[in-house]
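One structure below.
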Amino acid sequence: METRLLREYFKKFLSKAVERENLLKIMLLMIIVGFSWSLFTQLNRSQTYIVDEVHYVCAAKNLLTSVFGYNITWNIKIPESHVNYINLEHPPLGKWLIAVCLMLLGDYPYSWRIPSAVSGVLTVLLAYFIGKKLGGEVAGIVSSLLVACDPMIYSMSSVAMLDMAQTVMIVIAIASLLYWDNVVVFSIFAGLSISVKLSSAFILYGIILYLIVTAETRIRALIRILTVILVVSVVYLIVNVPLIIHFGPEEWFDLQMWMIKVHSSFKESHPSLAVPFNFYNSSPSR
């Protein structure tokens, strides 16, 4: 009698667990589909450049012309102020992604914005897997929902800018460490993220500390840190090969030094100014 009751209780428990698991999967599917539908159905809301799109889309067009010799009359005219602009303030990967969509889908606003939109959807999905790894299935659903409801994530996923491509690369890098403790995969995607915007390099501080703390020996920590530095550097160089060929190694290297200087020193006056390498005196001079 007791055995039979125990079996029935166990069956009911399993049934509820399956139902709960299916419910959570349905919730995740609804989040992803809802976010994607809302995002992709309004990529054509503006038929011209939205704010900083003018910088990155025009740079992608000019790079296609000057670096790859891609000769075409664009549907959306490049403004006079951006005729020769190639956005050397940032590495080229974000512009390469926009350029690929321009070649495959034509010069239309929705094609410019597809890289950001795809990156946004992947970020929402990856938030689930990271949350699940850290806190379980429910935590994963909550993480995904919070990211999907973040107005900044949504806004940046709907315009042709660099931020979401940068974000999704670094999120993939972090997920690779959490799930597989794979330093090489992490380094590849960290390198890709840095190849979109240099600011991604700041995450390496935290990751290097993590590698030191979790390594069994000092030698292993050193090997892992050197692996990160080497793989990130190689990935960055590979992404930059077209520019290295176009400008020549020496001029390209000078451009990298200029880029670092631009992003590590600011002359603008603002009460909330935070200069990256000036931690103790970040207030602007009056």
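Each chain in the structure tokens gets a letter, A, B, ..., in the order shown, and its residues are numbered from 1; ligands are numbered from 1 in order too.
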Cut-off 9 Å: closest range 60-98 of chain A/range 194-215 of chain A atom pairs per residue, using only C-alpha atoms, as CSV:
```
residue,atom,partner,partner_atom,distance
A:Glu89,CA,A:Lys197,CA,9.0
A:His90,CA,A:Lys197,CA,5.6
A:Pro91,CA,A:Ser195,CA,5.2
A:Pro92,CA,A:Val196,CA,6.2
A:Leu93,CA,A:Val196,CA,4.9
A:Gly94,CA,A:Val196,CA,5.0
A:Lys95,CA,A:Val196,CA,8.1
```
Preceding selection exported with N, CA and C atoms as a PDB file, in the first residue's frame:
```
ATOM      1  N   GLU A  89      37.928  56.394 -35.383  1.00  0.00           N
ATOM      2  CA  GLU A  89      37.897  56.457 -33.921  1.00  0.00           C
ATOM      3  C   GLU A  89      37.635  55.086 -33.304  1.00  0.00           C
ATOM      4  N   HIS A  90      37.033  54.183 -34.094  1.00  0.00           N
ATOM      5  CA  HIS A  90      36.712  52.848 -33.610  1.00  0.00           C
ATOM      6  C   HIS A  90      37.287  51.793 -34.548  1.00  0.00           C
ATOM      7  N   PRO A  91      37.583  50.588 -34.014  1.00  0.00           N
ATOM      8  CA  PRO A  91      38.010  49.478 -34.878  1.00  0.00           C
ATOM      9  C   PRO A  91      36.930  49.146 -35.909  1.00  0.00           C
ATOM     10  N   PRO A  92      37.249  48.334 -36.924  1.00  0.00           N
ATOM     11  CA  PRO A  92      36.364  48.226 -38.084  1.00  0.00           C
ATOM     12  C   PRO A  92      35.270  47.160 -38.049  1.00  0.00           C
ATOM     13  N   LEU A  93      35.255  46.228 -37.089  1.00  0.00           N
ATOM     14  CA  LEU A  93      34.361  45.085 -37.212  1.00  0.00           C
ATOM     15  C   LEU A  93      32.892  45.477 -37.299  1.00  0.00           C
ATOM     16  N   GLY A  94      32.459  46.442 -36.495  1.00  0.00           N
ATOM     17  CA  GLY A  94      31.063  46.879 -36.553  1.00  0.00           C
ATOM     18  C   GLY A  94      30.689  47.393 -37.926  1.00  0.00           C
ATOM     19  N   LYS A  95      31.618  48.118 -38.555  1.00  0.00           N
ATOM     20  CA  LYS A  95      31.366  48.621 -39.914  1.00  0.00           C
ATOM     21  C   LYS A  95      31.409  47.497 -40.940  1.00  0.00           C
TER      22      LYS A  95
END
```
Which residue is closest to Tyr56 in chain A? Choose from A:Val83, A:Val183, A:Leu162, A:Ile219 and count only C-alpha atoms.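 For Tyr56 in chain A, the nearest of the given residues is A:Leu162.
The two atoms in question, CA of Ser193 in chain A and CA of Val168 in chain A, are spaced 8.0 Å apart.
Interatomic distance, CA of Gly69 in chain A to CA of Trp252 in chain A: 18.9 Å.
Reported to one decimal place, the separation of CA of Gly120 in chain A from CA of Asn240 in chain A is 24.3 Å.
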Need the shell around Ala99 in chain A: protein/DNA/RNA residues with any atom at most 8 Å away, counting only C-alpha atoms. Skip same-chain ones fewer than 2 positions apart. Format as JSON, numbers by chain? {"A": [57, 60, 61, 64, 95, 96, 97, 101, 102, 103]}
Expected file contents, prior selection, C-alpha atoms, as a PDB file, in the first residue's frame:
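Below is the file result-v7.pdb, written as the result:
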```
ATOM      1  CA  VAL A  57      26.631  53.629 -42.076  1.00  0.00           C
ATOM      2  CA  ALA A  60      30.733  51.371 -43.879  1.00  0.00           C
ATOM      3  CA  LYS A  61      29.876  52.723 -47.334  1.00  0.00           C
ATOM      4  CA  LEU A  64      33.513  49.487 -49.098  1.00  0.00           C
ATOM      5  CA  LYS A  95      31.366  48.621 -39.914  1.00  0.00           C
ATOM      6  CA  TRP A  96      32.278  45.333 -41.632  1.00  0.00           C
ATOM      7  CA  LEU A  97      28.998  43.831 -40.366  1.00  0.00           C
ATOM      8  CA  CYS A 101      24.367  43.698 -45.061  1.00  0.00           C
ATOM      9  CA  LEU A 102      24.709  46.601 -47.517  1.00  0.00           C
ATOM     10  CA  MET A 103      26.219  44.251 -50.105  1.00  0.00           C
TER      11      MET A 103
END
```
Skip range 133-146 of chain A itself and residues of its chain fewer than 6 positions away, then list as a ChimeraX atom specification all residues within 8 Å of it, counting only C-alpha atoms. /A:24,27-28,31,124-127,178-179
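The smallest atom-to-atom distance between Val121 in chain A and any of A:Asp52, A:Pro242, A:Val67, A:Ala165, using only C-alpha atoms, is found for A:Ala165.
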DSSP says alpha helix (DSSP H) for which residues of range 68-255 of chain A? Put them as a PyMOL selection string? chain A and resi 93-105+109-135+137-148+151-156+163-180+183-194+203-214+218-239+241-247+249-255
Rank nothing, just name the residue among A:Phe189, A:Trp258, A:Tyr128, A:Phe247 nearest to Ile32 in chain A, using only C-alpha atoms.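 Closest to Ile32 in chain A of all the choices is A:Tyr128.
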Do a neighbour search on Val185 in chain A at 9 Å with only C-alpha atoms, toss out local chain neighbours closer than 6 positions, and write the hits as a ChimeraX atom specification. /A:172-173,176-177
Next, write the just-selected residues to a file, as a PDB file, in the first residue's frame, keeping C-alpha atoms as the atom set.
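This went into result.pdb:
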```
ATOM      1  CA  ILE A 172      29.175  35.159 -25.689  1.00  0.00           C
ATOM      2  CA  ALA A 173      32.704  35.420 -24.286  1.00  0.00           C
ATOM      3  CA  SER A 176      31.917  30.465 -22.755  1.00  0.00           C
ATOM      4  CA  LEU A 177      33.790  30.872 -19.485  1.00  0.00           C
TER       5      LEU A 177
END
```
Using only C-alpha atoms, which residue out of A:Asn182, A:Asn71, A:Ser155, A:Thr167 lies closest to Val51 in chain A? A:Ser155
